[in-house]
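protein_0.cif follows; it contains mmCIF, C-alpha atoms.
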data_data
#
loop_
_atom_site.label_atom_id
_atom_site.label_comp_id
_atom_site.auth_asym_id
_atom_site.auth_seq_id
_atom_site.Cartn_x
_atom_site.Cartn_y
_atom_site.Cartn_z
CA MET A 197 -41.11 -23.23 -12.41
CA THR A 198 -42.00 -19.61 -11.80
CA GLU A 199 -42.22 -17.48 -14.93
CA LEU A 200 -41.47 -13.76 -14.95
CA SER A 201 -42.67 -11.12 -17.38
CA PRO A 202 -39.98 -10.04 -19.88
CA ARG A 203 -40.04 -6.53 -18.40
CA ARG A 204 -39.20 -7.72 -14.89
CA SER A 205 -37.01 -10.74 -15.64
CA TYR A 206 -33.68 -8.94 -16.06
CA LYS A 207 -34.17 -6.83 -12.92
CA PHE A 208 -35.18 -9.85 -10.85
CA ALA A 209 -32.27 -11.88 -12.23
CA PHE A 210 -29.85 -9.10 -11.33
CA VAL A 211 -31.20 -8.99 -7.75
CA MET A 212 -30.86 -12.77 -7.36
CA ILE A 213 -27.33 -12.76 -8.76
CA THR A 214 -26.38 -9.91 -6.44
CA THR A 215 -27.32 -12.08 -3.44
CA LEU A 216 -24.67 -14.54 -4.59
CA PHE A 217 -22.03 -11.80 -4.57
CA PHE A 218 -22.91 -11.09 -0.94
CA LEU A 219 -22.78 -14.78 0.03
CA TRP A 220 -19.37 -15.58 -1.38
CA GLY A 221 -18.04 -12.27 -0.07
CA PHE A 222 -19.28 -13.27 3.39
CA VAL A 223 -17.62 -16.69 3.42
CA HIS A 224 -14.36 -15.34 1.92
CA ASN A 225 -14.17 -12.73 4.65
CA LEU A 226 -14.50 -15.35 7.34
CA ASP A 227 -11.07 -16.63 6.25
CA PRO A 228 -9.19 -13.82 8.07
CA ILE A 229 -11.02 -14.96 11.22
CA LEU A 230 -10.17 -18.61 10.60
CA ILE A 231 -6.46 -17.95 10.08
CA PRO A 232 -5.63 -16.70 13.62
CA HIS A 233 -8.19 -19.11 15.08
CA LEU A 234 -6.71 -22.20 13.41
CA ARG A 235 -3.16 -20.91 13.86
CA ARG A 236 -3.69 -20.93 17.63
CA SER A 237 -5.63 -24.20 17.68
CA PHE A 238 -2.99 -26.08 15.68
CA SER A 239 0.14 -24.05 16.71
CA LEU A 240 0.89 -23.03 13.12
CA THR A 241 3.52 -20.69 11.67
CA VAL A 242 2.38 -17.77 9.48
CA LEU A 243 3.34 -19.79 6.40
CA GLN A 244 1.35 -22.84 7.58
CA ALA A 245 -1.65 -20.67 8.41
CA ALA A 246 -1.51 -19.31 4.85
CA LEU A 247 -2.57 -22.78 3.68
CA VAL A 248 -6.13 -21.70 4.55
CA ASP A 249 -5.98 -19.34 1.59
CA SER A 250 -4.13 -21.89 -0.53
CA ALA A 251 -6.88 -24.49 -0.01
CA VAL A 252 -9.45 -21.93 -1.12
CA TYR A 253 -7.74 -20.44 -4.13
CA VAL A 254 -6.22 -23.62 -5.57
CA ALA A 255 -9.83 -24.71 -6.06
CA TYR A 256 -10.36 -21.75 -8.40
CA PHE A 257 -7.49 -22.97 -10.56
CA VAL A 258 -8.81 -26.54 -10.59
CA MET A 259 -12.49 -25.77 -11.18
CA ALA A 260 -12.54 -22.66 -13.37
CA LEU A 261 -12.27 -24.38 -16.76
CA PRO A 262 -14.79 -27.15 -15.90
CA ALA A 263 -17.11 -24.37 -14.73
CA GLY A 264 -16.76 -22.56 -18.05
CA MET A 265 -17.48 -25.74 -19.99
CA LEU A 266 -20.54 -26.44 -17.83
CA ILE A 267 -21.88 -22.95 -18.56
CA ARG A 268 -21.29 -23.42 -22.31
CA ARG A 269 -23.19 -26.70 -22.35
CA ALA A 270 -25.93 -26.22 -19.74
CA GLY A 271 -26.25 -22.47 -19.19
CA TYR A 272 -25.86 -20.14 -16.24
CA ARG A 273 -28.64 -21.39 -13.96
CA PRO A 274 -27.52 -25.06 -13.71
CA ALA A 275 -23.97 -23.89 -12.98
CA ILE A 276 -25.26 -21.62 -10.20
CA ILE A 277 -27.28 -24.44 -8.61
CA ALA A 278 -24.30 -26.83 -8.78
CA GLY A 279 -22.10 -24.17 -7.20
CA LEU A 280 -24.56 -23.61 -4.35
CA LEU A 281 -24.77 -27.35 -3.63
CA LEU A 282 -20.98 -27.63 -3.36
CA PHE A 283 -20.83 -24.45 -1.27
CA GLY A 284 -23.39 -25.81 1.20
CA SER A 285 -21.76 -29.26 1.38
CA GLY A 286 -18.36 -27.78 2.21
CA SER A 287 -19.89 -25.61 4.93
CA LEU A 288 -21.45 -28.64 6.63
CA LEU A 289 -18.10 -30.46 6.46
CA PHE A 290 -16.82 -28.03 9.13
CA ILE A 291 -18.78 -30.07 11.69
CA PRO A 292 -16.73 -33.31 11.30
CA ALA A 293 -13.60 -31.17 10.87
CA ALA A 294 -14.15 -29.65 14.32
CA ASP A 295 -15.16 -33.01 15.84
CA THR A 296 -11.97 -34.73 14.62
CA HIS A 297 -9.77 -31.63 15.25
CA ARG A 298 -7.75 -32.28 12.09
CA TYR A 299 -6.30 -29.36 10.14
CA ALA A 300 -6.39 -31.37 6.91
CA VAL A 301 -10.17 -31.83 7.21
CA PHE A 302 -10.63 -28.08 7.69
CA LEU A 303 -8.58 -27.51 4.54
CA ALA A 304 -10.65 -30.10 2.64
CA ALA A 305 -13.88 -28.34 3.71
CA LEU A 306 -12.52 -25.01 2.54
CA PHE A 307 -11.48 -26.58 -0.78
CA ILE A 308 -15.00 -27.93 -1.40
CA ILE A 309 -16.55 -24.56 -0.51
CA ALA A 310 -14.18 -22.87 -2.93
CA CYS A 311 -15.07 -25.33 -5.72
CA GLY A 312 -18.66 -24.18 -5.31
CA LEU A 313 -17.62 -20.54 -5.24
CA THR A 314 -15.66 -21.06 -8.46
CA LEU A 315 -18.81 -22.22 -10.23
CA LEU A 316 -20.76 -19.28 -8.79
CA GLU A 317 -18.17 -16.66 -9.72
CA THR A 318 -17.54 -18.07 -13.19
CA ALA A 319 -21.27 -17.88 -13.87
CA ALA A 320 -22.32 -14.78 -11.92
CA ASN A 321 -19.64 -12.32 -13.08
CA PRO A 322 -20.30 -12.59 -16.84
CA TYR A 323 -24.03 -13.08 -16.21
CA ALA A 324 -24.24 -9.77 -14.32
CA ALA A 325 -22.23 -8.08 -17.08
CA LEU A 326 -24.58 -9.42 -19.78
CA LEU A 327 -27.83 -8.40 -18.05
CA GLY A 328 -28.27 -5.05 -19.78
CA ARG A 329 -26.64 -2.61 -22.14
CA PRO A 330 -23.03 -3.54 -23.05
CA GLU A 331 -21.69 -0.02 -22.46
CA ARG A 332 -22.85 -0.22 -18.81
CA ALA A 333 -21.36 -3.67 -18.15
CA THR A 334 -18.38 -2.48 -16.09
CA GLN A 335 -20.55 -0.20 -13.97
CA ARG A 336 -23.19 -2.91 -13.52
CA LEU A 337 -20.60 -5.48 -12.43
CA ASN A 338 -19.09 -3.01 -9.96
CA LEU A 339 -22.58 -2.42 -8.51
CA ALA A 340 -23.13 -6.16 -7.99
CA GLN A 341 -19.65 -6.51 -6.53
CA SER A 342 -20.44 -3.69 -4.09
CA PHE A 343 -22.55 -6.18 -2.14
CA ASN A 344 -19.50 -8.40 -2.02
CA GLY A 345 -17.87 -5.42 -0.32
CA LEU A 346 -20.81 -5.11 2.08
CA ALA A 347 -20.15 -8.71 3.12
CA ALA A 348 -16.50 -7.77 3.73
CA ALA A 349 -17.73 -5.30 6.35
CA VAL A 350 -20.23 -7.63 8.03
CA ALA A 351 -18.36 -10.97 8.08
CA PRO A 352 -15.36 -10.05 10.30
CA ILE A 353 -17.56 -8.37 12.91
CA VAL A 354 -20.00 -11.28 13.09
CA GLY A 355 -17.35 -13.97 12.66
CA ALA A 356 -15.06 -12.62 15.37
CA ARG A 357 -17.80 -12.85 17.97
CA LEU A 358 -18.92 -16.32 16.93
CA ILE A 359 -15.56 -17.95 16.19
CA LEU A 360 -12.85 -16.13 18.19
CA VAL A 361 -14.03 -17.43 21.55
CA GLN A 362 -12.12 -16.51 24.68
CA GLY A 363 -10.25 -19.65 25.67
CA ALA A 364 -7.34 -20.41 27.94
CA SER A 365 -4.46 -17.93 27.92
CA ASP A 366 -1.06 -18.90 26.54
CA GLN A 367 0.29 -19.14 30.09
CA GLN A 368 -2.55 -21.44 31.11
CA LEU A 369 -1.99 -23.63 28.06
CA GLN A 370 1.71 -23.94 28.85
CA ALA A 371 0.88 -25.09 32.38
CA MET A 372 -1.42 -27.87 31.13
CA SER A 373 -0.46 -31.43 30.36
CA ALA A 374 -0.23 -32.35 26.68
CA GLY A 375 -3.62 -34.11 26.74
CA ALA A 376 -5.37 -31.27 28.54
CA ARG A 377 -3.84 -28.72 26.17
CA THR A 378 -5.05 -30.67 23.13
CA ALA A 379 -8.56 -30.94 24.60
CA ALA A 380 -8.67 -27.19 25.36
CA LEU A 381 -7.59 -26.25 21.85
CA ALA A 382 -10.04 -28.73 20.32
CA ALA A 383 -12.85 -27.09 22.31
CA GLU A 384 -11.83 -23.69 20.90
CA ALA A 385 -11.75 -25.10 17.35
CA ALA A 386 -15.33 -26.37 17.81
CA SER A 387 -16.62 -22.77 17.83
CA VAL A 388 -16.82 -22.91 14.01
CA LYS A 389 -19.53 -25.59 14.01
CA GLY A 390 -22.54 -23.35 14.69
CA PRO A 391 -21.77 -20.56 12.19
CA TYR A 392 -20.93 -22.95 9.34
CA LEU A 393 -23.98 -25.14 10.06
CA VAL A 394 -26.25 -22.10 9.71
CA LEU A 395 -24.36 -20.95 6.61
CA GLY A 396 -24.71 -24.37 4.97
CA LEU A 397 -28.47 -24.52 5.62
CA VAL A 398 -28.96 -21.00 4.22
CA ILE A 399 -27.02 -21.92 1.07
CA PHE A 400 -29.13 -25.05 0.49
CA ALA A 401 -32.29 -22.97 0.92
CA ILE A 402 -31.08 -20.50 -1.73
CA ALA A 403 -30.25 -23.41 -4.06
CA ILE A 404 -33.88 -24.53 -3.75
CA VAL A 405 -35.04 -21.02 -4.68
CA PHE A 406 -32.86 -21.06 -7.80
CA TRP A 407 -34.26 -24.50 -8.70
CA PHE A 408 -37.83 -23.22 -8.74
CA ILE A 409 -37.33 -19.92 -10.57
CA ARG A 410 -36.51 -19.39 -14.23
CA LEU A 411 -33.70 -16.97 -14.94
CA PRO A 412 -33.38 -15.37 -18.39
CA GLU A 413 -30.47 -16.53 -20.52
CA PRO A 414 -28.94 -13.34 -21.98
CA ASP A 415 -28.24 -13.28 -25.68
CA ARG A 416 -24.78 -14.67 -26.32
CA PRO A 417 -22.79 -14.27 -29.51
CA HIS A 418 -23.00 -17.02 -32.09
CA ARG A 419 -20.15 -19.50 -31.86
CA PRO A 420 -18.51 -20.50 -35.12
CA ASP A 421 -18.52 -24.14 -34.02
CA ALA A 422 -22.27 -24.22 -33.43
CA CYS A 423 -23.36 -24.25 -37.07
CA ASP A 424 -22.80 -27.99 -37.46
CA GLY A 425 -24.42 -28.82 -34.10
CA ARG A 426 -21.19 -29.95 -32.48
CA HIS A 427 -19.46 -28.49 -29.47
CA GLU A 428 -16.03 -27.07 -30.04
CA ALA A 429 -13.24 -29.02 -28.39
CA ALA A 430 -12.45 -27.52 -25.00
CA ALA A 431 -8.78 -27.08 -25.83
CA GLY A 432 -9.63 -25.10 -28.95
CA ALA A 433 -12.04 -22.84 -27.09
CA ILE A 434 -9.49 -22.18 -24.35
CA ALA A 435 -6.73 -21.46 -26.85
CA ARG A 436 -8.93 -19.10 -28.84
CA ALA A 437 -9.87 -17.16 -25.70
CA TRP A 438 -6.22 -17.01 -24.58
CA ARG A 439 -5.17 -15.56 -27.92
CA ARG A 440 -7.26 -12.47 -27.16
CA GLY A 441 -4.84 -9.89 -25.79
CA PRO A 442 -7.31 -8.28 -23.34
CA VAL A 443 -8.23 -11.68 -21.87
CA ARG A 444 -4.59 -12.74 -21.54
CA ARG A 445 -3.54 -9.49 -19.85
CA ALA A 446 -6.60 -9.58 -17.58
CA VAL A 447 -5.61 -13.09 -16.44
CA ILE A 448 -2.17 -11.78 -15.43
CA ALA A 449 -3.59 -8.72 -13.69
CA GLN A 450 -6.25 -10.71 -11.85
CA PHE A 451 -3.66 -13.23 -10.64
CA PHE A 452 -1.69 -10.45 -8.96
CA TYR A 453 -4.69 -8.46 -7.78
CA VAL A 454 -6.34 -11.40 -6.01
CA GLY A 455 -3.00 -12.28 -4.45
CA ALA A 456 -2.75 -8.72 -3.11
CA GLN A 457 -6.32 -8.70 -1.82
CA VAL A 458 -5.89 -11.98 0.01
CA CYS A 459 -2.61 -10.82 1.57
CA VAL A 460 -4.24 -7.61 2.79
CA PHE A 461 -7.42 -9.16 4.20
CA SER A 462 -6.26 -12.56 5.42
CA PHE A 463 -3.26 -11.33 7.39
CA PHE A 464 -4.90 -8.15 8.68
CA ILE A 465 -5.64 -9.46 12.19
CA LEU A 466 -2.12 -10.85 12.62
CA PHE A 467 -0.72 -7.64 11.10
CA ALA A 468 -2.75 -5.28 13.35
CA ALA A 469 -1.95 -7.31 16.45
CA ASP A 470 1.78 -7.32 15.67
CA SER A 471 2.18 -3.77 14.34
CA ALA A 472 -0.33 -1.83 16.44
CA GLY A 473 -0.64 -4.04 19.52
CA LEU A 474 -4.37 -4.69 19.07
CA SER A 475 -6.16 -7.74 20.45
CA HIS A 476 -7.53 -10.19 17.88
CA VAL A 477 -11.14 -9.13 18.53
CA ALA A 478 -10.22 -5.42 18.32
CA ALA A 479 -8.29 -6.11 15.10
CA ALA A 480 -11.35 -7.93 13.73
CA ASP A 481 -13.42 -4.82 14.46
CA TYR A 482 -10.91 -2.73 12.54
CA LEU A 483 -11.15 -5.29 9.73
CA GLY A 484 -14.94 -4.99 9.65
CA TRP A 485 -15.62 -1.36 10.52
CA GLY A 486 -12.43 -0.06 8.92
CA CYS A 487 -11.46 -2.27 5.99
CA GLY A 488 -14.92 -3.67 5.32
CA VAL A 489 -16.64 -0.28 5.28
CA ALA A 490 -13.78 1.19 3.21
CA PHE A 491 -14.18 -1.65 0.72
CA VAL A 492 -17.94 -1.23 0.25
CA VAL A 493 -17.75 2.59 0.17
CA GLY A 494 -14.91 2.36 -2.33
CA ARG A 495 -16.97 0.05 -4.54
CA PHE A 496 -20.03 2.31 -4.55
CA ALA A 497 -17.88 5.43 -5.01
CA GLY A 498 -15.97 3.81 -7.86
CA THR A 499 -19.20 2.71 -9.54
CA CYS A 500 -20.46 6.30 -9.44
CA ALA A 501 -17.11 7.70 -10.59
CA MET A 502 -17.19 5.50 -13.69
CA ARG A 503 -20.04 7.61 -15.01
CA TYR A 504 -17.50 10.41 -15.46
CA VAL A 505 -14.08 8.70 -15.62
CA ALA A 506 -13.10 5.88 -17.96
CA PRO A 507 -12.87 2.63 -15.95
CA ALA A 508 -9.32 1.91 -17.12
CA ARG A 509 -8.12 5.40 -16.12
CA LEU A 510 -9.74 5.07 -12.68
CA LEU A 511 -8.12 1.64 -12.29
CA LEU A 512 -4.69 3.09 -13.10
CA VAL A 513 -5.01 5.90 -10.53
CA HIS A 514 -6.23 3.52 -7.84
CA ALA A 515 -3.44 1.01 -8.51
CA LEU A 516 -0.77 3.69 -8.17
CA LEU A 517 -2.30 4.98 -4.92
CA CYS A 518 -2.35 1.41 -3.55
CA THR A 519 1.33 1.03 -4.45
CA LEU A 520 2.17 4.19 -2.51
CA LEU A 521 0.12 3.12 0.53
CA ALA A 522 1.75 -0.34 0.52
CA ALA A 523 5.13 1.36 0.83
CA VAL A 524 3.81 3.43 3.75
CA THR A 525 2.49 0.26 5.42
CA MET A 526 5.93 -1.33 5.32
CA PHE A 527 7.61 1.43 7.32
CA ALA A 528 4.94 3.29 9.33
CA GLY A 529 4.21 2.39 12.93
CA GLY A 530 1.21 1.94 15.19
CA ILE A 531 -2.24 2.96 14.04
CA ALA A 532 -0.70 4.86 11.09
CA CYS A 533 0.15 1.60 9.30
CA VAL A 534 -3.33 0.26 10.04
CA ALA A 535 -4.81 3.42 8.49
CA ALA A 536 -2.61 2.92 5.43
CA VAL A 537 -3.98 -0.59 4.98
CA ILE A 538 -7.55 0.72 5.24
CA GLY A 539 -6.63 3.20 2.48
CA ILE A 540 -5.35 0.32 0.34
CA VAL A 541 -8.65 -1.50 0.82
CA PHE A 542 -10.62 1.58 -0.28
CA PHE A 543 -8.68 2.04 -3.50
CA MET A 544 -8.35 -1.65 -4.43
CA SER A 545 -12.11 -2.21 -4.05
CA ILE A 546 -12.90 -1.62 -7.74
CA MET A 547 -10.06 -3.75 -9.10
CA PHE A 548 -11.55 -7.24 -9.40
CA PRO A 549 -14.77 -6.36 -11.26
CA THR A 550 -13.04 -3.71 -13.38
CA ILE A 551 -10.25 -6.06 -14.48
CA PHE A 552 -12.85 -8.76 -15.17
CA ALA A 553 -15.16 -6.54 -17.21
CA LEU A 554 -12.32 -4.96 -19.21
CA GLY A 555 -10.88 -8.41 -19.90
CA ILE A 556 -14.05 -9.93 -21.39
CA ARG A 557 -15.22 -6.72 -23.08
CA ASP A 558 -15.84 -7.47 -26.76
CA ALA A 559 -14.82 -11.11 -26.22
CA GLY A 560 -17.84 -12.27 -28.23
CA ALA A 561 -18.06 -16.05 -28.50
CA ASP A 562 -15.09 -16.36 -26.14
CA THR A 563 -16.86 -14.72 -23.19
CA GLU A 564 -17.46 -17.95 -21.21
CA MET A 565 -13.96 -19.40 -21.65
CA GLY A 566 -12.39 -15.97 -21.21
CA SER A 567 -14.32 -15.68 -17.95
CA SER A 568 -13.04 -19.11 -16.90
CA LEU A 569 -9.44 -18.13 -17.58
CA ILE A 570 -9.81 -14.93 -15.56
CA ILE A 571 -11.43 -16.88 -12.71
CA MET A 572 -8.54 -19.40 -12.90
CA ALA A 573 -6.23 -16.49 -12.20
CA ILE A 574 -7.72 -16.31 -8.71
CA VAL A 575 -5.13 -18.99 -7.92
CA GLY A 576 -2.93 -15.98 -7.19
CA GLY A 577 -4.75 -15.94 -3.87
CA ALA A 578 -3.23 -19.36 -3.13
CA LEU A 579 0.35 -18.61 -4.13
CA LEU A 580 1.11 -15.00 -3.28
CA PRO A 581 0.02 -15.22 0.39
CA LEU A 582 2.63 -17.98 0.73
CA ALA A 583 5.20 -15.46 -0.51
CA PHE A 584 3.82 -12.95 2.01
CA GLY A 585 4.11 -15.51 4.81
CA PHE A 586 7.62 -16.51 3.73
CA VAL A 587 8.86 -12.90 3.70
CA SER A 588 7.22 -12.27 7.09
CA ASP A 589 8.78 -15.38 8.64
CA VAL A 590 12.25 -14.74 7.20
CA THR A 591 12.35 -11.04 8.13
CA HIS A 592 10.43 -11.53 11.40
CA SER A 593 8.25 -8.60 10.31
CA ILE A 594 4.75 -8.98 8.93
CA GLN A 595 4.96 -5.35 7.76
CA LEU A 596 7.77 -6.14 5.35
CA GLY A 597 5.53 -8.79 3.83
CA TYR A 598 3.67 -5.88 2.22
CA VAL A 599 6.34 -5.79 -0.46
CA VAL A 600 4.29 -8.58 -2.09
CA PRO A 601 1.07 -6.50 -2.46
CA LEU A 602 3.19 -3.54 -3.59
CA VAL A 603 4.50 -5.50 -6.56
CA CYS A 604 1.00 -6.80 -7.30
CA PHE A 605 -0.46 -3.30 -7.55
CA LEU A 606 2.27 -2.31 -10.00
CA VAL A 607 1.12 -5.17 -12.25
CA VAL A 608 -2.48 -3.93 -12.04
CA ALA A 609 -1.26 -0.46 -13.03
CA TRP A 610 0.49 -2.02 -16.05
CA PHE A 611 -2.77 -3.70 -17.11
CA ALA A 612 -4.68 -0.41 -16.87
CA ARG A 613 -2.05 1.30 -19.00
CA THR A 614 -2.37 -1.37 -21.71
CA VAL A 615 -6.16 -0.93 -21.80
CA LEU A 616 -5.85 2.86 -22.06
CA ALA A 617 -3.31 2.48 -24.86
CA ALA A 618 -5.63 0.12 -26.75
CA GLU A 619 -8.55 2.52 -26.30
CA ARG A 620 -6.48 5.39 -27.73
CA ARG A 621 -5.51 3.29 -30.75
CA ALA A 622 -9.13 2.29 -31.34
CA ALA A 623 -10.50 5.84 -30.99
CA PRO A 624 -11.77 7.21 -34.32
CA VAL A 625 -9.72 9.99 -35.86
CA PRO A 626 -11.81 13.21 -35.92
CA PRO A 627 -12.51 14.48 -39.44
CA LEU A 628 -10.66 17.51 -40.76
CA THR A 629 -12.57 20.74 -40.38
CA ASN A 630 -13.18 23.03 -43.34
CA GLY A 631 -10.05 24.90 -44.25
CA ALA A 632 -7.72 22.56 -42.40
CA LEU A 633 -4.56 21.53 -44.22
CA LYS A 634 -3.79 17.86 -44.62
CA ARG A 635 -0.19 17.08 -43.72
CA VAL A 636 1.69 14.46 -45.69
#
Can I see the file as structure tokens?
Amino acid sequence: MTELSPRRSYKFAFVMITTLFFLWGFVHNLDPILIPHLRRSFSLTVLQAALVDSAVYVAYFVMALPAGMLIRRAGYRPAIIAGLLLFGSGSLLFIPAADTHRYAVFLAALFIIACGLTLLETAANPYAALLGRPERATQRLNLAQSFNGLAAAVAPIVGARLILVQGASDQQLQAMSAGARTAALAAEAASVKGPYLVLGLVIFAIAIVFWFIRLPEPDRPHRPDACDGRHEAAAGAIARAWRRGPVRRAVIAQFFYVGAQVCVFSFFILFAADSAGLSHVAAADYLGWGCGVAFVVGRFAGTCAMRYVAPARLLLVHALLCTLLAAVTMFAGGIACVAAVIGIVFFMSIMFPTIFALGIRDAGADTEMGSSLIIMAIVGGALLPLAFGFVSDVTHSIQLGYVVPLVCFLVVAWFARTVLAAERRAAPVPPLTNGALKRV
């Protein structure tokens, strides 16, 4: 295996980990393309189409704790390689899914991809935070996550042109026989085969790179169970991490934040088409050039702002602004509501890494299991979009579905307030100056 000098190892490791942030950001941001594509191919309701997100984010709930235990026992690098192998395998499963034209097989492929992403995120987020000075962890994680935002800009633009092929019109489909209609829709569904084949091969190539390089294992705090050479029972490690207030509150905040993010991104094309009359390809361009660019610019801007503003205070301000813009989105019309959503994306861009870093800050020996619990909270992306779809179907207005993200951003604001309150309590009391009177 390739050895690196101690001086270069942390920088090289950070670069390699940052590539993973881009990769999972890319595949996550293909989901908003898949939702309208599969909805048309399988004649789905908004609620049924939301199962695309459910298949992805349920995997985070299922795999997060096993991922944390794998990291505790084997280290970060083996977990990353295992995650890449699952990621690549799920991508290649899109080929038989398209060939059989079965929605359940598509969902299974997405679930396997997400199992791999769970391993990657559980390992890469704390690993990036640990690669350097502790006081810069939040800023460092936001920098790495900025490339996740870059993928959010690129994926919809590329994916729309590769996946959203121009097929038969609705009128033409209605005029076809049942067999001809099924064949036409199956041909449209097959457009996913090429992009996911290339993606799978790229992922396997990156897994090979990680196999042949040696990444540094950052210093981790001593675990009280390690002194007798035995591993602590998983249940005990989980319970100990959960008892930490910051971890517990970060789990709640991350559940609601991820739910909000998925609602905003995954339904954007349907939302823009319904509310502003845009075509699906035009809406995908707004998703890439508007939301994607806003997301990556917001991440970089937030990372810079954290040099001057406490991360928790910046998180609070951004959460309140997102709440306001969600209310505007519910009642504005035309391009104005699309612009409001782009504003939401800009301000929510710092939320995931900031919540994560604040949650595991000072977690000590509980960092890995605390990370797993916070990653488990990504299951909010499976459940809350179903609420969004239900509200949209019942009210016959996808705009009113934005009440779900509005509530989610209020929860994020609550989390930021609790962190600020804890920081004020922990701040040292300045000493009395000469001549000052002590009050009793």
Rank A:His233, A:Lys207, A:Arg444, A:Lys389 by their smallest atom-to-atom distance to Ala559 in chain A, using all atoms listed in the file, and report the top residue only.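 Closest to Ala559 in chain A, using all atoms listed in the file: A:Arg444.
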Expansion of the PyMOL selection byres ((chain A and resi 318) around 8) into residues, as a count of residues only: 14
Just checking: using all atoms listed in the file, which residue out of A:Ala469, A:Ala501, A:Val252, A:Leu303 ends up closest to Gly530 in chain A?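 Looking at the shortest contact to Gly530 in chain A, the residue is A:Ala469.
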Computed interatomic separation between CA of Leu606 in chain A and CA of Ser545 in chain A (Å):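 Rounded to one decimal, the two atoms are 15.6 Å apart.
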Between CA of Pro549 in chain A and CA of Thr334 in chain A, measure the distance and give it in Å to one decimal.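 Separating CA of Pro549 in chain A from CA of Thr334 in chain A is a distance of 7.2 Å.
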Could you tell me, as number ranges by chain, exactly which residues end up selected when the PyMOL selection byres ((chain A and resi 340) around 8) is applied to this structure? A: 213-214, 217, 324, 336-339, 341-344
Could you write those residues out with C-alpha atoms, as an mmCIF file, in the coordinates of the input?
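Heads up, here's the output in out-v8.cif:
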data_model
loop_
_atom_site.group_PDB
_atom_site.id
_atom_site.type_symbol
_atom_site.label_atom_id
_atom_site.label_comp_id
_atom_site.auth_asym_id
_atom_site.auth_seq_id
_atom_site.Cartn_x
_atom_site.Cartn_y
_atom_site.Cartn_z
ATOM 1 C CA ILE A 213 -27.330 -12.760 -8.760
ATOM 2 C CA THR A 214 -26.380 -9.910 -6.440
ATOM 3 C CA PHE A 217 -22.030 -11.800 -4.570
ATOM 4 C CA ALA A 324 -24.240 -9.770 -14.320
ATOM 5 C CA ARG A 336 -23.190 -2.910 -13.520
ATOM 6 C CA LEU A 337 -20.600 -5.480 -12.430
ATOM 7 C CA ASN A 338 -19.090 -3.010 -9.960
ATOM 8 C CA LEU A 339 -22.580 -2.420 -8.510
ATOM 9 C CA GLN A 341 -19.650 -6.510 -6.530
ATOM 10 C CA SER A 342 -20.440 -3.690 -4.090
ATOM 11 C CA PHE A 343 -22.550 -6.180 -2.140
ATOM 12 C CA ASN A 344 -19.500 -8.400 -2.020
#
Excluding Val492 in chain A and residues on its chain fewer than 4 positions from it, collect all residues at most 7 Å away from it, counting only C-alpha atoms, and give them as a ChimeraX atom specification. /A:342,345-346,488,496
For this structure, which residues satisfy the selection - the PyMOL selection byres ((chain A and resi 291) around 12) - when it is evaluated on the file as given? I want them as a count of residues only. 28
Write out as a compact mmCIF listing (two decimals) with C-alpha atoms, in the coordinates of the input which residues come within 12 Å of range 586-597 of chain A when counting only C-alpha atoms, dropping same-chain ones fewer than 2 positions away.
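File result30.txt, as written:
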# COMPACT_ATOMS: atom_id res chain seq x y z
CA LEU A 240 0.89 -23.03 13.12
CA THR A 241 3.52 -20.69 11.67
CA VAL A 242 2.38 -17.77 9.48
CA LEU A 243 3.34 -19.79 6.40
CA GLN A 244 1.35 -22.84 7.58
CA ALA A 245 -1.65 -20.67 8.41
CA ALA A 246 -1.51 -19.31 4.85
CA LEU A 247 -2.57 -22.78 3.68
CA ALA A 456 -2.75 -8.72 -3.11
CA CYS A 459 -2.61 -10.82 1.57
CA VAL A 460 -4.24 -7.61 2.79
CA PHE A 463 -3.26 -11.33 7.39
CA PHE A 464 -4.90 -8.15 8.68
CA ILE A 465 -5.64 -9.46 12.19
CA LEU A 466 -2.12 -10.85 12.62
CA PHE A 467 -0.72 -7.64 11.10
CA ALA A 468 -2.75 -5.28 13.35
CA ALA A 469 -1.95 -7.31 16.45
CA ASP A 470 1.78 -7.32 15.67
CA SER A 471 2.18 -3.77 14.34
CA ALA A 472 -0.33 -1.83 16.44
CA ALA A 522 1.75 -0.34 0.52
CA ALA A 523 5.13 1.36 0.83
CA VAL A 524 3.81 3.43 3.75
CA THR A 525 2.49 0.26 5.42
CA MET A 526 5.93 -1.33 5.32
CA PHE A 527 7.61 1.43 7.32
CA ALA A 528 4.94 3.29 9.33
CA GLY A 529 4.21 2.39 12.93
CA GLY A 530 1.21 1.94 15.19
CA CYS A 533 0.15 1.60 9.30
CA VAL A 534 -3.33 0.26 10.04
CA ALA A 536 -2.61 2.92 5.43
CA VAL A 537 -3.98 -0.59 4.98
CA LEU A 579 0.35 -18.61 -4.13
CA LEU A 580 1.11 -15.00 -3.28
CA PRO A 581 0.02 -15.22 0.39
CA LEU A 582 2.63 -17.98 0.73
CA ALA A 583 5.20 -15.46 -0.51
CA PHE A 584 3.82 -12.95 2.01
CA VAL A 599 6.34 -5.79 -0.46
CA VAL A 600 4.29 -8.58 -2.09
CA PRO A 601 1.07 -6.50 -2.46
CA LEU A 602 3.19 -3.54 -3.59
CA VAL A 603 4.50 -5.50 -6.56
Nearest residue to Ile359 in chain A from the set A:His476, A:Arg439, A:Arg268, A:His224 (distances using all atoms listed in the file):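 Smallest separation from Ile359 in chain A among the options: A:His476.
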Quick one: residues within 12 Å of Ile434 in chain A, all atoms listed in the file, excluding same-chain residues fewer than 3 positions away - as a count of residues only? 26
Nearest candidate to Gly328 in chain A (options A:Ile353, A:Ala433, A:Ala209, A:Ile448; using all atoms listed in the file):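 Under the stated criterion, the closest residue is A:Ala209.
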